[in-house]
4 protein chains.
Amino acid sequence: MGPGRLHALVDGVFAIAMTLLVLDLPQPADSQHLVHDLLHAWPSYVAYLVSFATVGILWIEHHGMMSAVRQVNRRFLERTLLFLLFISVIPWPTSIAARYAQHASQARGAAVLYATTMLLMGVSFSLGWRYLAEHPDLVAEPARGAFPAGFRRALYGGLVYLVAIALAFVSPLASFTVDALIAVYFAVSKSEVPGLIHRAAQSGERAPSG
Amino acid sequence: MGPGRLHALVDGVFAIAMTLLVLDLPQPADSQHLVHDLLHAWPSYVAYLVSFATVGILWIEHHGMMSAVRQVNRRFLERTLLFLLFISVIPWPTSIAARYAQHASQARGAAVLYATTMLLMGVSFSLGWRYLAEHPDLVAEPARGAFPAGFRRALYGGLVYLVAIALAFVSPLASFTVDALIAVYFAVSKSEVPGLIHRAAQSGERAPSG
Amino acid sequence: MGPGRLHALVDGVFAIAMTLLVLDLPQPADSQHLVHDLLHAWPSYVAYLVSFATVGILWIEHHGMMSAVRQVNRRFLERTLLFLLFISVIPWPTSIAARYAQHASQARGAAVLYATTMLLMGVSFSLGWRYLAEHPDLVAEPARGAFPAGFRRALYGGLVYLVAIALAFVSPLASFTVDALIAVYFAVSKSEVPGLIHRAAQSGERAPSG
Amino acid sequence: MGPGRLHALVDGVFAIAMTLLVLDLPQPADSQHLVHDLLHAWPSYVAYLVSFATVGILWIEHHGMMSAVRQVNRRFLERTLLFLLFISVIPWPTSIAARYAQHASQARGAAVLYATTMLLMGVSFSLGWRYLAEHPDLVAEPARGAFPAGFRRALYGGLVYLVAIALAFVSPLASFTVDALIAVYFAVSKSEVPGLIHRAAQSGERAPSG
């Protein structure tokens, strides 16, 4: 079957996960020092930004991958649902991280939870790339060669969070910093993989919305 | 009328129901034992996984059914809305199940509520199959023969939750286990019905997004 | 411009409003009488059902109206946003109605709020019909004649809520019953207007998704 | 790549941000004076209306801009995500504004927060216009000339919120009034830019949904 309706579900889950992050921003009740209280909650804003950026970049990457997909089957849909599971769960570790990032004894657990979610998100994303690398019949002919490289890029991008998990035991703050740096790296990196796939897909024989 | 906009509403409701489940995950405030408190809430994660998987599989099944539908009418839209009613309500029994699954005296009620919602979801899904089996003019010609079997598969899949409801009175834990096993069964089952419909629809004369 | 992206926004707002209703269902914490507490909250389920059905039927009606629309302009987009304002606000009066429907002295205010929101929703919907009746250039040629009748149907359907508002001062329960009956009436009514528009639109020259 | 899936994400984020505003409306628990309590919360309704109208008008404007876009690239996607960041955050300053608008000493902070969010939203929107003005290859040929004027219109529309920020230090109420007036102005203004772009895009060679 064509990938059209899968796009609708994926875009919906991404849009909702990105927007539900707002529910974790501070809502002080009856504050007598509103500006102070809002500034004091600065980890919430950092967590919001990092999660929003990470999910946004993953949406761009997923969008790039899917632009070369011509057919989807049930096994690929199930892999995509596994990826969406970790996308949809993102507001939860973000909220925990925002609350406990400055907590002397509990920040470590929050940092491990956050980086572990990101790790699972990245690895489940790479499983989609691998499935397509192993099932080239689902992919537009000229783009097939780029999928093994795309799998490696997604997998390594996910495994970097192992560093953030390990660092959490030394310094939770350093762990969160690594999470943020990964988002920045992927935002500015000049990987040729998605570009290759786009150009290959555009020279292909069928439109991706078919 | 064509089924295009119905897809948009259906995909939206599924995406939101799947993503709102995150609001039920534990958010301990000012915990001094964050890791312990999060681990202690393990029924929340199981309930999240089972509900997400069940809704995800139903999305795949609905997607399969709709791929052969060429026209929709008001009566079919109303049956679809009834199905969406039970999809959209899913975060509620999930939340109740997560809170009361380990409660000595109240777990039974939570297990009955959860399995009953799943039962109603499955039965309302089967009503859509039956309507299409009885109105073959709405369906692509080569796929029409598969709809009676699709109705039976959806109906039996829903009625299995009667077992979970009955078991709840003996052991709530066993009841929840059945709920989880049904999701696993449908994830790995090799039913030919959706595949038949897809292949038939693809050999049909018009694109499903028309 | 074509109406394609307006559909996406409209379907998104409807899907979210329908799904956010779930946040108003009862979530008893640490209950020792879960079944009793859940049954006691029966007005929540009635309010959920009536709001879901009303919004669902309005989605079907809006879908029917839009199937004949070939072009949209800024003034029509603004009228649609006004309609979406009342759709998106629906979880709020629903929640108030569920909480206060059984309250001796406060049910009246809740009933007035609920019916007034429905009134504004219906009237703002009828404004869309009227704008299209007055701007037939936006509508597929064969369907133009049906828009004045569609406007009247939507307007009268909205104005019936004046009865529910008036009844609230005599009996809040009677007022809520009228709200429910209006949803039932529109679900089973056999109005020819949307059908006329669909058939006319299908004989028209361009696809609505253009 | 074509802009089709970007539309889906954008429309999803707008629809969710508009609908999540409802969570900030007052939900008095066990009130003995429901009507009084609801009327007393009038700043909530004004904040809801102004935020809904501002986001709605921005959706219309973004819709107009995108109707001439034929290709999107990664840099443009990133600028759009930045814009969506401020759209998705809107329920937060709206909630703070509704709670503190009548607070003697804390209204100033709420007014600055609200107008600053709007400023960032407007400026990030103008960055999209500027990128397209500087990359005319992404835009339908006949519409290219209108993008510099569109950039200036969006930028000035955003910078007006500097007035609201400055006014907050004199009178928070006056600041909120300016926020509301900006929404009214853009709702009724007769700018030729989006109209020019639409007409140019329609005379272009490819459909925007491609």
# chains A, B, ... in the order shown; residues from 1 in each chain; ligands from 1
call {"tool": "interface_residues", "arguments": {"of": "chain B", "to": "chain A", "cutoff": "10 Å", "atoms": "only C-alpha atoms", "output": "PyMOL selection string"}}
result
chain B and resi 4+7-36+38+48-49+52-53+56-57+59-61+63-64+67+187-188+194-195+198-199+201-202+207-209
call {"tool": "write_last_selection", "arguments": {"atoms": "C-alpha atoms", "output": "compact mmCIF listing (two decimals), in the first residue's frame"}}
result
# COMPACT_ATOMS: atom_id res chain seq x y z
CA GLY B 4 -10.20 11.44 1.90
CA HIS B 7 -8.96 9.58 6.82
CA ALA B 8 -7.84 12.95 8.16
CA LEU B 9 -10.29 12.83 11.09
CA VAL B 10 -9.54 9.18 11.86
CA ASP B 11 -5.77 9.65 11.74
CA GLY B 12 -6.09 12.76 13.90
CA VAL B 13 -8.12 11.00 16.60
CA PHE B 14 -5.76 8.00 16.63
CA ALA B 15 -2.66 10.22 16.81
CA ILE B 16 -4.12 12.28 19.67
CA ALA B 17 -5.41 9.29 21.64
CA MET B 18 -1.99 7.61 21.35
CA THR B 19 -0.18 10.77 22.43
CA LEU B 20 -2.53 11.74 25.28
CA LEU B 21 -1.63 8.45 26.98
CA VAL B 22 1.58 10.21 28.05
CA LEU B 23 -0.39 12.41 30.44
CA ASP B 24 -1.03 9.34 32.62
CA LEU B 25 2.66 8.56 33.24
CA PRO B 26 3.86 9.22 36.80
CA GLN B 27 4.96 12.76 37.67
CA PRO B 28 6.24 12.56 41.24
CA ALA B 29 6.52 16.02 42.82
CA ASP B 30 9.46 16.78 45.11
CA SER B 31 10.43 13.14 45.36
CA GLN B 32 13.47 12.23 47.45
CA HIS B 33 13.56 8.77 45.85
CA LEU B 34 12.85 9.51 42.21
CA VAL B 35 14.18 6.26 40.75
CA HIS B 36 12.34 4.20 43.35
CA LEU B 38 9.33 5.78 39.06
CA TYR B 48 0.85 2.62 28.43
CA LEU B 49 2.47 -0.06 26.27
CA PHE B 52 -0.49 2.16 22.69
CA ALA B 53 0.02 -1.22 21.00
CA GLY B 56 -1.63 1.18 17.00
CA ILE B 57 -2.67 -2.25 15.75
CA TRP B 59 -4.94 1.85 13.29
CA ILE B 60 -3.11 -0.59 11.01
CA GLU B 61 -6.25 -2.75 10.73
CA HIS B 63 -5.96 1.53 7.49
CA GLY B 64 -6.11 -1.88 5.79
CA SER B 67 -7.66 1.01 1.59
CA ALA B 187 0.72 -7.82 16.24
CA VAL B 188 2.24 -11.13 15.18
CA PRO B 194 -5.96 -7.22 5.20
CA GLY B 195 -3.38 -8.46 2.72
CA HIS B 198 -4.73 -4.46 -0.12
CA ARG B 199 -3.82 -6.52 -3.12
CA ALA B 201 -7.62 -2.73 -3.86
CA GLN B 202 -4.37 -2.13 -5.71
CA ALA B 207 -6.76 5.42 -5.91
CA PRO B 208 -7.99 5.34 -2.28
CA SER B 209 -7.01 8.98 -1.73
call {"tool": "calpha_fit_and_write", "arguments": {"fixed": "chain A", "moving": "chain B", "output": "JSON list (two decimals) with C-alpha atoms, in the first residue's frame"}}
result
[["chain", "number", "residue", "atom", "x", "y", "z"],
["B", 1, "MET", "CA", -0.03, 0.05, -0.04],
["B", 2, "GLY", "CA", 1.06, 3.65, -0.52],
["B", 3, "PRO", "CA", 2.63, 5.60, 2.36],
["B", 4, "GLY", "CA", 0.08, 8.46, 2.30],
["B", 5, "ARG", "CA", -1.89, 7.64, 5.43],
["B", 6, "LEU", "CA", 1.22, 6.67, 7.37],
["B", 7, "HIS", "CA", 2.42, 10.25, 6.84],
["B", 8, "ALA", "CA", -0.80, 11.55, 8.36],
["B", 9, "LEU", "CA", -0.40, 9.46, 11.53],
["B", 10, "VAL", "CA", 3.31, 10.26, 11.84],
["B", 11, "ASP", "CA", 2.83, 13.99, 11.33],
["B", 12, "GLY", "CA", -0.05, 13.96, 13.80],
["B", 13, "VAL", "CA", 1.96, 12.24, 16.54],
["B", 14, "PHE", "CA", 4.95, 14.56, 16.00],
["B", 15, "ALA", "CA", 2.76, 17.68, 16.03],
["B", 16, "ILE", "CA", 1.00, 16.59, 19.23],
["B", 17, "ALA", "CA", 4.16, 15.51, 21.03],
["B", 18, "MET", "CA", 5.80, 18.85, 20.18],
["B", 19, "THR", "CA", 2.77, 20.81, 21.34],
["B", 20, "LEU", "CA", 2.08, 18.83, 24.54],
["B", 21, "LEU", "CA", 5.52, 19.88, 25.79],
["B", 22, "VAL", "CA", 3.88, 23.21, 26.63],
["B", 23, "LEU", "CA", 1.93, 21.56, 29.44],
["B", 24, "ASP", "CA", 5.19, 21.15, 31.37],
["B", 25, "LEU", "CA", 6.03, 24.88, 31.47],
["B", 26, "PRO", "CA", 5.73, 26.49, 34.92],
["B", 27, "GLN", "CA", 2.29, 27.73, 35.99],
["B", 28, "PRO", "CA", 2.83, 29.42, 39.35],
["B", 29, "ALA", "CA", -0.45, 29.92, 41.22],
["B", 30, "ASP", "CA", -0.98, 33.11, 43.21],
["B", 31, "SER", "CA", 2.66, 34.07, 42.98],
["B", 32, "GLN", "CA", 3.78, 37.32, 44.60],
["B", 33, "HIS", "CA", 7.06, 37.18, 42.67],
["B", 34, "LEU", "CA", 5.96, 36.06, 39.23],
["B", 35, "VAL", "CA", 9.05, 37.17, 37.31],
["B", 36, "HIS", "CA", 11.37, 35.62, 39.89],
["B", 37, "ASP", "CA", 9.39, 32.39, 39.96],
["B", 38, "LEU", "CA", 9.37, 32.15, 36.17],
["B", 39, "LEU", "CA", 13.11, 32.86, 35.91],
["B", 40, "HIS", "CA", 13.81, 30.33, 38.64],
["B", 41, "ALA", "CA", 12.19, 27.64, 36.47],
["B", 42, "TRP", "CA", 14.81, 28.09, 33.74],
["B", 43, "PRO", "CA", 15.53, 24.35, 33.44],
["B", 44, "SER", "CA", 11.96, 24.00, 32.12],
["B", 45, "TYR", "CA", 12.73, 26.26, 29.19],
["B", 46, "VAL", "CA", 16.01, 24.53, 28.38],
["B", 47, "ALA", "CA", 14.31, 21.12, 28.54],
["B", 48, "TYR", "CA", 11.47, 22.44, 26.35],
["B", 49, "LEU", "CA", 13.92, 23.77, 23.77],
["B", 50, "VAL", "CA", 16.09, 20.64, 23.67],
["B", 51, "SER", "CA", 13.11, 18.28, 23.40],
["B", 52, "PHE", "CA", 11.37, 20.44, 20.80],
["B", 53, "ALA", "CA", 14.56, 20.70, 18.73],
["B", 54, "THR", "CA", 15.31, 16.97, 19.00],
["B", 55, "VAL", "CA", 11.79, 15.97, 17.95],
["B", 56, "GLY", "CA", 11.77, 18.62, 15.21],
["B", 57, "ILE", "CA", 15.07, 17.41, 13.76],
["B", 58, "LEU", "CA", 13.85, 13.81, 13.91],
["B", 59, "TRP", "CA", 10.74, 14.91, 12.00],
["B", 60, "ILE", "CA", 12.95, 16.43, 9.29],
["B", 61, "GLU", "CA", 15.07, 13.25, 9.18],
["B", 62, "HIS", "CA", 12.01, 10.98, 9.04],
["B", 63, "HIS", "CA", 10.50, 13.21, 6.36],
["B", 64, "GLY", "CA", 13.72, 12.82, 4.37],
["B", 65, "MET", "CA", 13.74, 9.04, 4.74],
["B", 66, "MET", "CA", 10.08, 8.68, 3.80],
["B", 67, "SER", "CA", 10.43, 10.83, 0.68],
["B", 68, "ALA", "CA", 12.01, 7.83, -1.06],
["B", 69, "VAL", "CA", 9.52, 5.24, 0.22],
["B", 70, "ARG", "CA", 7.05, 4.00, -2.40],
["B", 71, "GLN", "CA", 5.30, 1.17, -0.59],
["B", 72, "VAL", "CA", 4.80, 0.25, 3.05],
["B", 73, "ASN", "CA", 3.90, -3.14, 4.50],
["B", 74, "ARG", "CA", 2.65, -4.30, 7.89],
["B", 75, "ARG", "CA", 6.09, -5.03, 9.31],
["B", 76, "PHE", "CA", 7.28, -1.53, 8.38],
["B", 77, "LEU", "CA", 4.13, 0.02, 9.89],
["B", 78, "GLU", "CA", 4.89, -1.83, 13.14],
["B", 79, "ARG", "CA", 8.45, -0.53, 13.20],
["B", 80, "THR", "CA", 7.11, 2.98, 12.62],
["B", 81, "LEU", "CA", 4.66, 2.56, 15.50],
["B", 82, "LEU", "CA", 7.55, 1.57, 17.77],
["B", 83, "PHE", "CA", 9.34, 4.77, 16.77],
["B", 84, "LEU", "CA", 6.15, 6.81, 17.37],
["B", 85, "LEU", "CA", 5.89, 5.23, 20.83],
["B", 86, "PHE", "CA", 9.12, 6.95, 21.86],
["B", 87, "ILE", "CA", 8.18, 10.21, 20.11],
["B", 88, "SER", "CA", 4.84, 10.35, 21.89],
["B", 89, "VAL", "CA", 6.42, 9.65, 25.29],
["B", 90, "ILE", "CA", 8.87, 12.59, 25.06],
["B", 91, "PRO", "CA", 6.84, 15.07, 27.15],
["B", 92, "TRP", "CA", 7.22, 12.72, 30.12],
["B", 93, "PRO", "CA", 11.04, 12.54, 30.54],
["B", 94, "THR", "CA", 11.13, 16.23, 29.58],
["B", 95, "SER", "CA", 8.86, 17.06, 32.48],
["B", 96, "ILE", "CA", 10.86, 14.91, 34.90],
["B", 97, "ALA", "CA", 14.12, 16.47, 33.69],
["B", 98, "ALA", "CA", 12.74, 20.01, 34.11],
["B", 99, "ARG", "CA", 11.62, 19.31, 37.67],
["B", 100, "TYR", "CA", 14.71, 17.49, 38.91],
["B", 101, "ALA", "CA", 17.59, 18.96, 36.88],
["B", 102, "GLN", "CA", 18.60, 21.21, 39.82],
["B", 103, "HIS", "CA", 17.80, 18.69, 42.54],
["B", 104, "ALA", "CA", 21.00, 17.74, 44.39],
["B", 105, "SER", "CA", 20.38, 14.03, 44.81],
["B", 106, "GLN", "CA", 17.69, 13.22, 42.24],
["B", 107, "ALA", "CA", 19.07, 14.90, 39.09],
["B", 108, "ARG", "CA", 21.02, 11.76, 38.19],
["B", 109, "GLY", "CA", 17.90, 9.62, 37.82],
["B", 110, "ALA", "CA", 16.22, 12.32, 35.72],
["B", 111, "ALA", "CA", 19.26, 12.58, 33.43],
["B", 112, "VAL", "CA", 19.40, 8.79, 32.94],
["B", 113, "LEU", "CA", 15.67, 8.66, 32.16],
["B", 114, "TYR", "CA", 15.93, 11.51, 29.65],
["B", 115, "ALA", "CA", 18.96, 10.15, 27.79],
["B", 116, "THR", "CA", 17.57, 6.60, 27.79],
["B", 117, "THR", "CA", 14.37, 7.78, 26.13],
["B", 118, "MET", "CA", 16.42, 9.60, 23.51],
["B", 119, "LEU", "CA", 18.56, 6.48, 23.01],
["B", 120, "LEU", "CA", 15.48, 4.32, 22.44],
["B", 121, "MET", "CA", 14.01, 6.94, 20.09],
["B", 122, "GLY", "CA", 17.20, 7.02, 18.02],
["B", 123, "VAL", "CA", 17.61, 3.23, 17.91],
["B", 124, "SER", "CA", 13.96, 2.68, 16.96],
["B", 125, "PHE", "CA", 14.38, 5.27, 14.20],
["B", 126, "SER", "CA", 17.43, 3.40, 12.90],
["B", 127, "LEU", "CA", 15.37, 0.18, 12.77],
["B", 128, "GLY", "CA", 13.15, 1.83, 10.16],
["B", 129, "TRP", "CA", 16.22, 2.69, 8.05],
["B", 130, "ARG", "CA", 17.52, -0.86, 8.41],
["B", 131, "TYR", "CA", 14.21, -2.42, 7.38],
["B", 132, "LEU", "CA", 14.20, -0.30, 4.23],
["B", 133, "ALA", "CA", 17.86, -1.12, 3.54],
["B", 134, "GLU", "CA", 16.91, -4.80, 3.71],
["B", 135, "HIS", "CA", 13.71, -4.39, 1.69],
["B", 136, "PRO", "CA", 14.77, -2.22, -1.26],
["B", 137, "ASP", "CA", 11.54, -3.09, -3.10],
["B", 138, "LEU", "CA", 9.75, -0.58, -0.83],
["B", 139, "VAL", "CA", 12.06, 2.24, -1.93],
["B", 140, "ALA", "CA", 12.37, 4.30, -5.13],
["B", 141, "GLU", "CA", 15.02, 2.70, -7.33],
["B", 142, "PRO", "CA", 17.60, 5.54, -7.47],
["B", 143, "ALA", "CA", 17.56, 6.06, -3.67],
["B", 144, "ARG", "CA", 18.12, 2.46, -2.59],
["B", 145, "GLY", "CA", 21.88, 2.71, -2.29],
["B", 146, "ALA", "CA", 21.65, 5.45, 0.36],
["B", 147, "PHE", "CA", 19.72, 3.43, 2.94],
["B", 148, "PRO", "CA", 22.59, 1.45, 4.52],
["B", 149, "ALA", "CA", 24.43, 4.74, 5.16],
["B", 150, "GLY", "CA", 21.20, 6.25, 6.48],
["B", 151, "PHE", "CA", 20.84, 3.32, 8.91],
["B", 152, "ARG", "CA", 24.38, 3.79, 10.23],
["B", 153, "ARG", "CA", 23.90, 7.55, 10.61],
["B", 154, "ALA", "CA", 20.64, 7.09, 12.57],
["B", 155, "LEU", "CA", 22.10, 4.29, 14.69],
["B", 156, "TYR", "CA", 25.27, 6.20, 15.62],
["B", 157, "GLY", "CA", 23.18, 9.31, 16.27],
["B", 158, "GLY", "CA", 21.13, 7.28, 18.74],
["B", 159, "LEU", "CA", 24.06, 5.50, 20.37],
["B", 160, "VAL", "CA", 25.72, 8.82, 21.26],
["B", 161, "TYR", "CA", 23.12, 9.04, 24.03],
["B", 162, "LEU", "CA", 25.03, 6.19, 25.71],
["B", 163, "VAL", "CA", 27.64, 8.85, 26.48],
["B", 164, "ALA", "CA", 24.94, 11.02, 28.07],
["B", 165, "ILE", "CA", 23.74, 8.06, 30.15],
["B", 166, "ALA", "CA", 27.27, 7.29, 31.36],
["B", 167, "LEU", "CA", 27.98, 10.96, 32.11],
["B", 168, "ALA", "CA", 24.83, 11.19, 34.24],
["B", 169, "PHE", "CA", 26.59, 9.15, 36.93],
["B", 170, "VAL", "CA", 29.46, 11.66, 37.00],
["B", 171, "SER", "CA", 27.54, 14.91, 36.43],
["B", 172, "PRO", "CA", 23.84, 15.17, 35.54],
["B", 173, "LEU", "CA", 24.45, 18.69, 34.20],
["B", 174, "ALA", "CA", 27.12, 17.38, 31.80],
["B", 175, "SER", "CA", 24.70, 14.67, 30.70],
["B", 176, "PHE", "CA", 21.97, 17.20, 29.88],
["B", 177, "THR", "CA", 24.56, 19.32, 28.07],
["B", 178, "VAL", "CA", 25.41, 16.35, 25.82],
["B", 179, "ASP", "CA", 21.69, 15.88, 25.06],
["B", 180, "ALA", "CA", 21.53, 19.53, 23.96],
["B", 181, "LEU", "CA", 24.75, 19.32, 21.93],
["B", 182, "ILE", "CA", 23.45, 16.29, 20.00],
["B", 183, "ALA", "CA", 20.42, 18.32, 18.93],
["B", 184, "VAL", "CA", 22.66, 21.24, 17.91],
["B", 185, "TYR", "CA", 24.99, 18.88, 16.02],
["B", 186, "PHE", "CA", 22.19, 17.33, 13.97],
["B", 187, "ALA", "CA", 20.65, 20.76, 13.31],
["B", 188, "VAL", "CA", 23.85, 22.11, 11.75],
["B", 189, "SER", "CA", 25.41, 18.90, 10.36],
["B", 190, "LYS", "CA", 25.79, 18.65, 6.62],
["B", 191, "SER", "CA", 25.14, 14.92, 6.12],
["B", 192, "GLU", "CA", 24.71, 14.04, 2.48],
["B", 193, "VAL", "CA", 22.37, 11.11, 3.15],
["B", 194, "PRO", "CA", 18.98, 12.84, 3.24],
["B", 195, "GLY", "CA", 19.96, 15.10, 0.36],
["B", 196, "LEU", "CA", 21.04, 12.10, -1.70],
["B", 197, "ILE", "CA", 17.73, 10.40, -0.98],
["B", 198, "HIS", "CA", 15.71, 13.47, -1.89],
["B", 199, "ARG", "CA", 17.46, 13.99, -5.17],
["B", 200, "ALA", "CA", 17.29, 10.30, -6.00],
["B", 201, "ALA", "CA", 13.61, 10.18, -5.08],
["B", 202, "GLN", "CA", 12.83, 13.20, -7.23],
["B", 203, "SER", "CA", 14.42, 11.58, -10.23],
["B", 204, "GLY", "CA", 12.27, 8.50, -9.46],
["B", 205, "GLU", "CA", 9.17, 7.47, -11.32],
["B", 206, "ARG", "CA", 6.34, 8.09, -8.79],
["B", 207, "ALA", "CA", 5.30, 10.89, -6.41],
["B", 208, "PRO", "CA", 5.74, 10.09, -2.68],
["B", 209, "SER", "CA", 2.17, 11.17, -1.90],
["B", 210, "GLY", "CA", 0.75, 8.47, -4.21]]
call {"tool": "select_by_dssp", "arguments": {"residues": "range 9-210 of chain D", "states": "helix (DSSP H, G or I)", "output": "PyMOL selection string"}}
result
chain D and resi 9-24+34-40+42-66+74-89+91-100+107-134+136-138+141-159+161-168+172-188+193-202
call {"tool": "decode", "arguments": {"residues": "range 9-22 of chain B", "atoms": "N, CA and C atoms", "output": "compact mmCIF listing (two decimals), in the first residue's frame"}}
result
# COMPACT_ATOMS: atom_id res chain seq x y z
N LEU B 9 -9.72 12.83 9.74
CA LEU B 9 -10.29 12.83 11.09
C LEU B 9 -9.85 11.59 11.85
N VAL B 10 -9.91 10.44 11.20
CA VAL B 10 -9.54 9.18 11.86
C VAL B 10 -8.08 9.23 12.30
N ASP B 11 -7.19 9.62 11.40
CA ASP B 11 -5.77 9.65 11.74
C ASP B 11 -5.51 10.66 12.86
N GLY B 12 -6.25 11.78 12.83
CA GLY B 12 -6.09 12.76 13.90
C GLY B 12 -6.49 12.20 15.25
N VAL B 13 -7.66 11.55 15.32
CA VAL B 13 -8.12 11.00 16.60
C VAL B 13 -7.16 9.92 17.09
N PHE B 14 -6.72 9.03 16.21
CA PHE B 14 -5.76 8.00 16.63
C PHE B 14 -4.46 8.65 17.14
N ALA B 15 -3.92 9.60 16.40
CA ALA B 15 -2.66 10.22 16.81
C ALA B 15 -2.81 10.89 18.17
N ILE B 16 -3.94 11.56 18.40
CA ILE B 16 -4.12 12.28 19.67
C ILE B 16 -4.33 11.28 20.81
N ALA B 17 -5.18 10.27 20.57
CA ALA B 17 -5.41 9.29 21.64
C ALA B 17 -4.10 8.61 22.04
N MET B 18 -3.26 8.25 21.05
CA MET B 18 -1.99 7.61 21.35
C MET B 18 -1.08 8.55 22.13
N THR B 19 -1.10 9.83 21.81
CA THR B 19 -0.18 10.77 22.43
C THR B 19 -0.68 11.24 23.79
N LEU B 20 -2.01 11.31 23.98
CA LEU B 20 -2.53 11.74 25.28
C LEU B 20 -2.25 10.71 26.37
N LEU B 21 -1.97 9.47 25.98
CA LEU B 21 -1.63 8.45 26.98
C LEU B 21 -0.46 8.91 27.86
N VAL B 22 0.40 9.78 27.30
CA VAL B 22 1.58 10.21 28.05
C VAL B 22 1.19 10.99 29.30
